[in-house]
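What follows is the content of work25.tsv (TSV, C-alpha atoms and all ligand atoms).
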chain	number	residue	atom	x	y	z
A	270	MET	CA	-21.05	-19.09	-17.57
A	271	PRO	CA	-19.99	-15.58	-18.69
A	272	PRO	CA	-19.46	-13.15	-15.79
A	273	GLU	CA	-22.53	-11.09	-14.94
A	274	THR	CA	-22.31	-7.49	-16.10
A	275	PRO	CA	-23.12	-5.10	-13.25
A	276	PRO	CA	-26.27	-3.05	-13.89
A	277	THR	CA	-25.41	0.39	-15.23
A	278	ARG	CA	-26.66	3.28	-13.10
A	279	THR	CA	-28.57	5.81	-15.11
A	280	THR	CA	-29.33	9.33	-13.91
A	281	PRO	CA	-32.94	10.33	-14.56
A	282	PRO	CA	-33.22	13.11	-17.13
A	283	PRO	CA	-33.61	16.59	-15.63
A	284	ILE	CA	-37.18	17.81	-15.24
A	285	ARG	CA	-37.74	20.42	-17.95
A	286	TYR	CA	-40.09	22.78	-16.14
A	287	GLN	CA	-39.84	25.27	-19.00
A	288	ASP	CA	-41.71	22.73	-21.14
A	289	MET	CA	-44.31	22.11	-18.42
A	290	ALA	CA	-45.21	25.63	-17.24
A	291	PRO	CA	-48.17	27.25	-19.01
A	292	THR	CA	-47.01	29.91	-21.47
A	293	PHE	CA	-48.68	32.83	-23.23
A	294	PRO	CA	-49.59	32.79	-26.93
A	295	GLU	CA	-47.37	34.61	-29.44
A	296	GLY	CA	-48.21	38.18	-30.42
A	297	GLU	CA	-50.90	40.22	-28.70
A	298	ILE	CA	-52.36	38.65	-25.55
A	299	ASP	CA	-56.09	39.13	-24.94
A	300	VAL	CA	-56.09	39.15	-21.12
A	301	GLY	CA	-59.85	38.62	-20.97
A	302	ALA	CA	-59.45	35.29	-22.76
A	303	LEU	CA	-56.89	33.88	-20.29
A	304	VAL	CA	-59.39	33.04	-17.54
A	305	PRO	CA	-63.05	32.23	-18.28
A	306	GLY	CA	-65.82	34.50	-17.03
A	307	ASP	CA	-66.44	38.22	-16.95
A	308	GLY	CA	-65.22	39.26	-13.49
A	309	PRO	CA	-62.60	41.97	-12.88
A	310	ILE	CA	-59.14	40.91	-14.02
A	311	GLU	CA	-56.24	41.05	-11.57
A	312	LEU	CA	-52.55	40.43	-12.26
A	313	GLU	CA	-49.89	39.23	-9.83
A	314	ILE	CA	-46.31	39.78	-10.98
A	315	GLY	CA	-43.68	37.34	-9.64
A	316	PHE	CA	-45.92	35.09	-7.53
A	317	GLY	CA	-43.07	32.78	-6.44
A	318	ARG	CA	-44.51	29.86	-4.46
A	319	GLY	CA	-47.99	31.18	-5.11
A	320	ALA	CA	-49.59	31.65	-1.67
A	321	PHE	CA	-51.07	35.03	-2.65
A	322	LEU	CA	-52.24	33.91	-6.10
A	323	ILE	CA	-54.08	30.90	-4.68
A	324	GLY	CA	-55.30	32.78	-1.58
A	325	ARG	CA	-56.56	35.73	-3.63
A	326	ALA	CA	-58.45	33.44	-6.04
A	327	VAL	CA	-60.20	31.92	-3.00
A	328	ALA	CA	-60.81	35.28	-1.26
A	329	ALA	CA	-62.17	36.99	-4.39
A	330	PRO	CA	-64.12	34.33	-6.29
A	331	ALA	CA	-65.70	36.95	-8.58
A	332	SER	CA	-62.27	38.12	-9.76
A	333	ARG	CA	-60.11	36.49	-12.42
A	334	VAL	CA	-56.52	36.31	-11.21
A	335	ILE	CA	-53.60	35.96	-13.64
A	336	GLY	CA	-50.14	35.22	-12.27
A	337	VAL	CA	-46.85	35.66	-14.13
A	338	GLU	CA	-43.65	34.15	-12.71
A	339	ILE	CA	-40.28	34.00	-14.44
A	340	LYS	CA	-39.28	30.73	-12.73
A	341	SER	CA	-40.91	27.95	-14.76
A	342	LYS	CA	-40.69	25.52	-11.85
A	343	TRP	CA	-42.94	27.65	-9.65
A	344	ALA	CA	-45.26	28.49	-12.53
A	345	HIS	CA	-45.77	24.77	-13.17
A	346	LEU	CA	-46.14	23.78	-9.52
A	347	VAL	CA	-48.53	26.63	-8.67
A	348	GLU	CA	-50.65	25.91	-11.75
A	349	GLN	CA	-50.83	22.24	-10.71
A	350	ARG	CA	-51.92	23.28	-7.22
A	351	ARG	CA	-54.57	25.57	-8.67
A	352	ILE	CA	-55.94	22.71	-10.77
A	353	THR	CA	-55.89	20.30	-7.80
A	354	LEU	CA	-57.84	22.85	-5.75
A	355	GLY	CA	-60.39	23.25	-8.56
A	356	LEU	CA	-59.89	27.03	-8.74
A	357	THR	CA	-61.25	28.09	-12.11
A	358	ASN	CA	-60.85	31.85	-11.57
A	359	ALA	CA	-57.04	31.91	-11.70
A	360	ARG	CA	-54.16	30.88	-14.01
A	361	ALA	CA	-50.42	30.71	-13.35
A	362	PHE	CA	-48.09	31.40	-16.30
A	363	GLY	CA	-44.33	31.09	-16.70
A	364	ALA	CA	-42.88	34.20	-18.38
A	365	ASP	CA	-40.75	37.31	-17.94
A	366	ILE	CA	-43.19	40.10	-17.15
A	367	ARG	CA	-41.00	42.61	-19.00
A	368	GLU	CA	-41.46	40.63	-22.20
A	369	VAL	CA	-45.18	39.84	-21.94
A	370	LEU	CA	-46.74	42.95	-20.37
A	371	PRO	CA	-46.27	45.13	-23.51
A	372	ARG	CA	-48.27	42.48	-25.40
A	373	PHE	CA	-51.26	42.55	-23.00
A	374	ARG	CA	-54.46	43.93	-24.57
A	375	PRO	CA	-56.74	45.80	-24.38
A	376	ASP	CA	-55.66	48.96	-22.56
A	377	ALA	CA	-57.53	49.71	-19.30
A	378	SER	CA	-58.47	46.03	-18.84
A	379	LEU	CA	-56.95	45.34	-15.40
A	380	ALA	CA	-58.69	46.07	-12.10
A	381	ARG	CA	-55.63	45.39	-9.92
A	382	VAL	CA	-51.92	44.68	-10.21
A	383	PHE	CA	-50.09	43.09	-7.27
A	384	VAL	CA	-46.32	42.92	-6.77
A	385	HIS	CA	-45.21	41.34	-3.50
A	386	PHE	CA	-41.55	41.53	-2.45
A	387	PRO	CA	-40.36	42.12	-6.00
A	388	ASP	CA	-36.63	42.45	-5.60
A	389	PRO	CA	-34.15	40.35	-3.74
A	390	TRP	CA	-31.54	42.47	-5.57
A	391	TRP	CA	-31.91	45.82	-3.92
A	392	LYS	CA	-28.37	47.05	-4.16
A	393	LYS	CA	-27.50	49.76	-6.70
A	394	ARG	CA	-25.41	47.40	-8.85
A	395	HIS	CA	-28.51	45.23	-9.35
A	396	ALA	CA	-30.70	48.13	-10.42
A	397	LYS	CA	-31.03	46.97	-14.01
A	398	ARG	CA	-32.49	43.63	-12.89
A	399	ARG	CA	-35.29	45.29	-10.98
A	400	VAL	CA	-38.77	44.38	-12.10
A	401	LEU	CA	-40.43	47.59	-11.00
A	402	GLU	CA	-38.61	49.96	-13.23
A	403	ASP	CA	-40.12	53.03	-14.89
A	404	THR	CA	-41.12	51.33	-18.16
A	405	LEU	CA	-43.04	48.68	-16.25
A	406	LEU	CA	-44.93	51.44	-14.41
A	407	ASP	CA	-45.86	52.87	-17.85
A	408	GLU	CA	-47.21	49.50	-18.97
A	409	VAL	CA	-49.12	48.99	-15.71
A	410	ALA	CA	-50.62	52.50	-16.12
A	411	ARG	CA	-51.69	51.61	-19.68
A	412	LEU	CA	-53.41	48.45	-18.48
A	413	LEU	CA	-55.11	49.63	-15.26
A	414	THR	CA	-58.67	50.96	-15.50
A	415	PRO	CA	-58.56	54.79	-15.13
A	416	GLY	CA	-60.19	56.06	-11.93
A	417	THR	CA	-60.39	52.68	-10.15
A	418	GLY	CA	-57.49	50.43	-11.15
A	419	GLU	CA	-55.10	49.70	-8.27
A	420	LEU	CA	-51.39	48.95	-8.02
A	421	PHE	CA	-50.43	47.33	-4.69
A	422	VAL	CA	-46.77	46.67	-3.89
A	423	GLN	CA	-45.22	45.23	-0.74
A	424	THR	CA	-41.55	45.03	0.20
A	425	ASP	CA	-39.40	44.49	3.27
A	426	VAL	CA	-36.80	47.00	2.02
A	427	GLU	CA	-37.79	50.49	3.18
A	428	ASP	CA	-35.57	52.25	0.60
A	429	ARG	CA	-37.27	50.35	-2.22
A	430	ALA	CA	-40.69	51.46	-0.97
A	431	SER	CA	-39.48	55.10	-0.78
A	432	GLU	CA	-38.00	54.88	-4.30
A	433	LEU	CA	-41.26	53.50	-5.62
A	434	VAL	CA	-43.29	56.24	-3.89
A	435	ALA	CA	-41.01	58.83	-5.54
A	436	LEU	CA	-41.40	57.17	-8.96
A	437	LEU	CA	-45.19	57.07	-8.60
A	438	ARG	CA	-45.40	60.70	-7.43
A	439	ALA	CA	-43.34	61.80	-10.43
A	440	HIS	CA	-45.16	59.58	-12.92
A	441	GLY	CA	-48.41	61.45	-13.41
A	442	ALA	CA	-50.67	58.45	-14.04
A	443	TYR	CA	-51.05	57.37	-10.41
A	444	ARG	CA	-52.69	58.76	-7.25
A	445	LEU	CA	-51.11	57.49	-4.04
A	446	SER	CA	-53.23	56.37	-1.09
A	447	GLY	CA	-51.89	56.34	2.45
A	448	ASP	CA	-49.77	58.60	4.59
A	449	ALA	CA	-49.20	62.06	3.06
A	450	THR	CA	-45.47	62.07	3.91
A	451	SER	CA	-44.32	58.47	3.52
A	452	GLY	CA	-46.91	57.52	0.88
A	453	LEU	CA	-47.28	54.14	2.61
A	454	VAL	CA	-50.40	52.23	3.67
A	455	SER	CA	-50.36	50.03	6.75
A	456	GLU	CA	-52.49	47.05	5.72
A	457	ASN	CA	-52.87	44.45	3.03
A	458	THR	CA	-56.66	44.39	2.65
A	459	TYR	CA	-56.85	41.81	-0.15
A	460	GLY	CA	-57.65	38.74	1.98
A	461	ALA	CA	-54.48	36.79	1.10
A	462	ARG	CA	-50.79	36.86	1.97
A	463	SER	CA	-47.75	36.08	-0.16
A	464	ASN	CA	-45.20	33.56	1.11
A	465	ARG	CA	-42.65	36.27	1.87
A	466	GLU	CA	-45.28	38.37	3.60
A	467	ALA	CA	-46.29	35.44	5.82
A	468	ARG	CA	-42.62	34.85	6.69
A	469	ALA	CA	-42.10	38.53	7.55
A	470	ALA	CA	-45.16	38.41	9.83
A	471	ALA	CA	-43.91	35.23	11.53
A	472	ASP	CA	-40.50	36.85	12.08
A	473	ASN	CA	-42.10	40.10	13.28
A	474	LEU	CA	-40.38	42.08	10.52
A	475	PRO	CA	-41.82	45.30	9.08
A	476	VAL	CA	-43.47	45.30	5.66
A	477	PHE	CA	-43.69	48.51	3.61
A	478	ARG	CA	-46.83	48.79	1.50
A	479	VAL	CA	-47.65	51.10	-1.40
A	480	LEU	CA	-51.13	51.48	-2.88
A	481	ALA	CA	-51.75	53.65	-5.93
A	482	THR	CA	-54.87	54.21	-8.01
A	483	ARG	CA	-54.76	54.87	-11.76
A	484	ALA	CA	-55.63	58.55	-12.17
B	501	LIG	C1	-38.53	37.78	-3.63
B	501	LIG	S1	-39.51	36.77	-4.65
B	501	LIG	C2	-41.15	37.05	-3.98
B	501	LIG	C3	-42.12	35.95	-4.34
B	501	LIG	C4	-43.56	36.21	-3.89
B	501	LIG	N1	-44.13	37.37	-4.56
B	501	LIG	C5	-43.66	36.39	-2.40
B	501	LIG	O1	-43.90	37.53	-1.93
B	501	LIG	O2	-43.48	35.39	-1.68
B	501	LIG	C6	-39.57	37.68	-6.21
B	501	LIG	C7	-40.21	36.86	-7.30
B	501	LIG	O3	-40.29	37.62	-8.50
B	501	LIG	C8	-39.97	36.75	-9.58
B	501	LIG	N2	-39.49	37.57	-10.70
B	501	LIG	C9	-38.33	38.27	-10.76
B	501	LIG	N3	-38.21	38.87	-11.96
B	501	LIG	C10	-39.32	38.55	-12.65
B	501	LIG	C11	-39.77	38.85	-13.99
B	501	LIG	N4	-39.03	39.61	-14.79
B	501	LIG	N5	-40.97	38.35	-14.40
B	501	LIG	C12	-41.71	37.58	-13.58
B	501	LIG	N6	-41.32	37.23	-12.32
B	501	LIG	C13	-40.15	37.72	-11.87
B	501	LIG	C14	-38.89	35.85	-9.01
B	501	LIG	O4	-38.67	34.68	-9.75
B	501	LIG	C15	-39.45	35.58	-7.61
B	501	LIG	O5	-40.33	34.47	-7.59
Turn this file's structure into structure tokens for me.
Ligand SMILES: C[S@@+](CC[C@H](N)C(=O)[O-])C[C@H]1O[C@@H](n2cnc3c(N)ncnc32)[C@H](O)[C@@H]1O
Amino acid sequence: MPPETPPTRTTPPPIRYQDMAPTFPEGEIDVGALVPGDGPIELEIGFGRGAFLIGRAVAAPASRVIGVEIKSKWAHLVEQRRITLGLTNARAFGADIREVLPRFRPDASLARVFVHFPDPWWKKRHAKRRVLEDTLLDEVARLLTPGTGELFVQTDVEDRASELVALLRAHGAYRLSGDATSGLVSENTYGARSNREARAAADNLPVFRVLATRA
């Protein structure tokens, strides 16, 4: 009898989340067509593990909530969770917000934009990786409904909140709510918490919140 060949060990192929996460169409993106219905359209930028996106869709069933996350893995997993929960008023997409936001149409179509804990890279040398740079504020201003559209940002880095308040004050298209000096608001009134926000609350850490309305 010939000697038995030992079974060869094969490594499973890597999971290609970039092929699994929902993506946007090419060219102009009609935001109203992304989620069925005719409710106000809200956008969450960088939803991470998705607690706010899912929680907001539950808390505001009349709204249509679109999430954009650069990490395909989280976009895929959060979209799967949304489907499992039967939430039809939200969608999670995998994309770089800086690439897709300029393609969103029409102007003035968003009721709210949420950005929770946007930057782990808060040091000066990481400034060019920041999501909330000036050009993004221009695009958000283009897309928010004048007079009522809201931008709500939360961070645990006080300097980042102050920088954002300064950018918004200088911008011209936004009216800040909150304290006249700091420009900060104390509460998240949207009925849902992001994962980082929940962790900050559990650890008793301060959260700095900025709320601006499109002028
Ligand atoms: C510190 S995490 C916060 C996650 C979540 N918002 C929370 O509060 O738990 C920042 C998130 O922004 C995402 N992000 C960073 N740059 C992005 C970009 N250009 N487009 C979309 N998402 C981005 C990251 O992948 C990450 O999930």
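Within 9 Å of Ala481 in chain A, once all atoms listed in the file are used and residues closer than 6 positions along the same chain are dropped, the contacting residues are Gly418, Glu419, Leu420, Phe421, Val422, Leu437, Tyr443, Arg444, Leu445, Ser446 and Gly447 of chain A.
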> Hey, which of A:Pro309, A:Pro387, A:Pro283, A:Pro371 ends up closest to ligand LIG 501 (chain B)? Count only C-alpha atoms and all ligand atoms.
Replying inline: A:Pro387
>> Excluding Phe321 in chain A and its own-chain neighbours fewer than 4 positions away, which residues fall within 10 Å of it when counting all atoms listed in the file? Please give them as a PyMOL selection string.
In response: chain A and resi 313+316-317+325-328+336+383+385+459-467
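Between Ala442 in chain A and the residues A:Ala484, A:Ile366, A:Asp376, A:His345, the shortest atom-to-atom distance, using only C-alpha atoms, involves A:Ala484.
Checking A:Pro305, A:Pro475, A:Gly324, A:Gly363 one by one against Pro291 in chain A, counting all atoms listed in the file, you find the shortest gap at A:Gly363.
For the pair CA of Pro282 in chain A and atom C2 of ligand LIG 501 (chain B), the interatomic distance is 28.4 Å.
Interatomic distance, CA of Leu303 in chain A to CA of Thr482 in chain A: 23.8 Å.
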> Looking at A:Leu354, A:Leu413, A:Ala320, A:Ala435, which one is nearest to ligand LIG 501 (chain B), with distances taken over all atoms listed in the file?
Replying inline: A:Ala320
Ligand LIG 501 (chain B), all listed atoms, 8 Å padding on each side: what axis-aligned box centre and edge lengths in Å to one decimal come out, as JSON?
{"center_x": -41.2, "center_y": 37.0, "center_z": -8.2, "size_x": 21.9, "size_y": 21.1, "size_z": 29.1}
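Rounded to one decimal, CA of Leu436 in chain A and CA of Leu406 in chain A lie 8.7 Å from each other.
The shortest atom-to-atom distance to ligand LIG 501 (chain B), with only C-alpha atoms and all ligand atoms taken into account, belongs to A:Ala469 out of A:Ala449, A:Ala469, A:Leu412, A:Ala430.
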> Which residues, written as number ranges by chain, have at least one atom at most 12 Å from Glu368 in chain A, with all atoms listed in the file counted and residues fewer than 5 positions away on the same chain left out?
Replying inline: A: 293, 295-298, 337-339, 363, 373, 400, 404-405, 408
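In terms of minimum interatomic distance to Val454 in chain A, A:Arg478 ranks closest within A:Thr274, A:Arg478, A:Asp472, A:His440, counting all atoms listed in the file.
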Spatial neighbours of Thr353 in chain A, 12 Å, all atoms listed in the file, chain gap at least 6 places, as a PDB file with C-alpha atoms, in the frame of the given file:
ATOM      1  CA  ILE A 323     -54.080  30.900  -4.680  1.00  0.00           C
ATOM      2  CA  LEU A 346     -46.140  23.780  -9.520  1.00  0.00           C
ATOM      3  CA  VAL A 347     -48.530  26.630  -8.670  1.00  0.00           C
TER       4      VAL A 347
END
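Taking all atoms listed in the file, the non-local environment of Ser341 in chain A within 7 Å (same-chain residues fewer than 5 positions away omitted) comprises Tyr286, Gln287, Ala290 and Gly363 of chain A.
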